[in-house]
Amino acid sequence: MYFINYYEKNYAKAEIKFDKIYGRKKYEKWSNSWRMGWVVRNALVHNGRVFYSQAKSDTPPVSWYSTIVSPKNQGDALLGNFLNSVDLLILVLDMDSDLSN
């Protein structure tokens with residue numbers, strides 16, 4: 001899927017950019033688009049359902065525009081409940097913009 005390819009191809013660039021700004025592995029401070037991108041990427045590789053590992057069960061909610069996803073949504077279908085296919089395109093554009101700025 002295009003989204004996963006984009007995410008995986010650009011993750012290292014995001015890691016360098018955001019870790020330089022906020023300090024190593026402070027994902028909760030990354031841009032909202034990249035945090036939501038992480039949620040989407042995880043859901044897409046886990047049968048389309050919100051997936052947080054046990055180690056991340058205390059992760060703060062992720063907010064992108066009016067969409068909020070948290071560990072409380074574990075197992076919920078992502079597409080249709082939180083986002084649609086057009087949202088994924090807009091999310092990629094936002095992620096790309098946040099990476100470029």
# chains A, B, ... in the order shown; residues from 1 in each chain; ligands from 1

call {"tool": "select_by_dssp", "arguments": {"residues": "chain A", "states": "strand (DSSP E)", "output": "number ranges by chain"}}
result
A: 62-64, 67-69

call {"tool": "write_last_selection", "arguments": {"atoms": "C-alpha atoms", "output": "tab-separated table (two decimals), in the first residue's frame"}}
result
chain	number	residue	atom	x	y	z
A	62	VAL	CA	-2.80	10.96	19.07
A	63	SER	CA	-4.73	13.88	17.60
A	64	TRP	CA	-4.83	14.93	13.96
A	67	THR	CA	-9.48	12.61	14.88
A	68	ILE	CA	-8.22	11.26	18.20
A	69	VAL	CA	-6.91	7.72	18.64

call {"tool": "residues_around", "arguments": {"residues": "Pro61 of chain A", "least_positions_apart": "2", "cutoff": "12 Å", "atoms": "only C-alpha atoms", "output": "list in words"}}
result
Tyr27, Glu28, Lys29, Asn32, Arg35, Met36, Val39, Tyr52, Lys56, Ser57, Asp58, Thr59, Ser63, Trp64, Thr67, Ile68, Val69, Ser70, Pro71, Lys72, Asn73 and Gln74 of chain A

call {"tool": "select_by_dssp", "arguments": {"residues": "segment 38-72 of chain A", "states": "alpha helix (DSSP H)", "output": "mmCIF file with N, CA, C and O atoms, in the first residue's frame"}}
result
data_model
loop_
_atom_site.group_PDB
_atom_site.id
_atom_site.type_symbol
_atom_site.label_atom_id
_atom_site.label_comp_id
_atom_site.auth_asym_id
_atom_site.auth_seq_id
_atom_site.Cartn_x
_atom_site.Cartn_y
_atom_site.Cartn_z
ATOM 1 N N TRP A 38 2.044 7.061 12.420
ATOM 2 C CA TRP A 38 2.451 5.867 13.158
ATOM 3 C C TRP A 38 1.234 5.001 13.486
ATOM 4 O O TRP A 38 1.268 3.784 13.322
ATOM 5 N N VAL A 39 0.145 5.642 13.929
ATOM 6 C CA VAL A 39 -1.086 4.906 14.251
ATOM 7 C C VAL A 39 -1.611 4.203 13.003
ATOM 8 O O VAL A 39 -1.970 3.025 13.046
ATOM 9 N N VAL A 40 -1.645 4.919 11.886
ATOM 10 C CA VAL A 40 -2.159 4.355 10.632
ATOM 11 C C VAL A 40 -1.275 3.210 10.165
ATOM 12 O O VAL A 40 -1.771 2.139 9.804
ATOM 13 N N ARG A 41 0.017 3.419 10.171
ATOM 14 C CA ARG A 41 0.943 2.369 9.733
ATOM 15 C C ARG A 41 0.755 1.112 10.572
ATOM 16 O O ARG A 41 0.673 0.012 10.052
ATOM 17 N N ASN A 42 0.677 1.265 11.890
ATOM 18 C CA ASN A 42 0.474 0.100 12.752
ATOM 19 C C ASN A 42 -0.846 -0.588 12.457
ATOM 20 O O ASN A 42 -0.917 -1.816 12.410
ATOM 21 N N ALA A 43 -1.894 0.195 12.284
ATOM 22 C CA ALA A 43 -3.207 -0.403 11.994
ATOM 23 C C ALA A 43 -3.179 -1.158 10.675
ATOM 24 O O ALA A 43 -3.701 -2.273 10.583
ATOM 25 N N LEU A 44 -2.572 -0.579 9.655
ATOM 26 C CA LEU A 44 -2.569 -1.217 8.338
ATOM 27 C C LEU A 44 -1.832 -2.550 8.340
ATOM 28 O O LEU A 44 -2.192 -3.453 7.593
ATOM 29 N N VAL A 45 -0.822 -2.685 9.174
ATOM 30 C CA VAL A 45 -0.095 -3.960 9.220
ATOM 31 C C VAL A 45 -0.674 -4.916 10.263
ATOM 32 O O VAL A 45 -0.170 -6.026 10.418
#

call {"tool": "residues_around", "arguments": {"residues": "Ile90 of chain A", "least_positions_apart": "5", "cutoff": "12 Å", "atoms": "only C-alpha atoms", "output": "compact mmCIF listing (two decimals) with N, CA and C atoms, in the first residue's frame"}}
result
# COMPACT_ATOMS: atom_id res chain seq x y z
N PHE A 3 0.59 4.16 1.44
CA PHE A 3 0.84 4.81 2.73
C PHE A 3 2.00 4.16 3.47
N SER A 33 0.87 14.99 12.50
CA SER A 33 0.72 14.16 11.30
C SER A 33 1.58 12.90 11.38
N MET A 36 0.07 10.49 13.93
CA MET A 36 -1.08 9.78 13.35
C MET A 36 -0.59 8.80 12.28
N GLY A 37 0.44 9.18 11.55
CA GLY A 37 1.03 8.26 10.58
C GLY A 37 1.48 6.96 11.22
N TRP A 64 -5.11 14.35 15.28
CA TRP A 64 -4.83 14.93 13.96
C TRP A 64 -6.15 15.49 13.46
N TYR A 65 -6.21 16.80 13.29
CA TYR A 65 -7.46 17.51 13.02
C TYR A 65 -8.48 17.10 14.08
N LEU A 83 -10.82 7.24 10.16
CA LEU A 83 -10.33 7.86 8.92
C LEU A 83 -10.94 7.16 7.72
N ASN A 84 -10.88 7.86 6.57
CA ASN A 84 -11.28 7.24 5.31
C ASN A 84 -10.12 7.34 4.33
N SER A 85 -10.29 6.83 3.13
CA SER A 85 -9.17 6.79 2.18
C SER A 85 -8.70 8.19 1.78
N MET A 95 2.15 14.95 6.37
CA MET A 95 3.40 14.37 6.82
C MET A 95 4.56 14.89 5.98
N ASP A 96 4.35 14.96 4.66
CA ASP A 96 5.38 15.45 3.77
C ASP A 96 5.68 16.91 4.05
N SER A 97 4.65 17.69 4.29
CA SER A 97 4.83 19.11 4.61
C SER A 97 5.60 19.27 5.93

call {"tool": "closest_residue", "arguments": {"among": "A:Gln54, A:Asn101, A:Asn10, A:Ser66", "to": "Asp87 of chain A", "atoms": "only C-alpha atoms"}}
result
A:Ser66

call {"tool": "closest_residue", "arguments": {"among": "A:His46, A:Asp76, A:Tyr7, A:Leu99", "to": "Trp30 of chain A", "atoms": "only C-alpha atoms"}}
result
A:Leu99
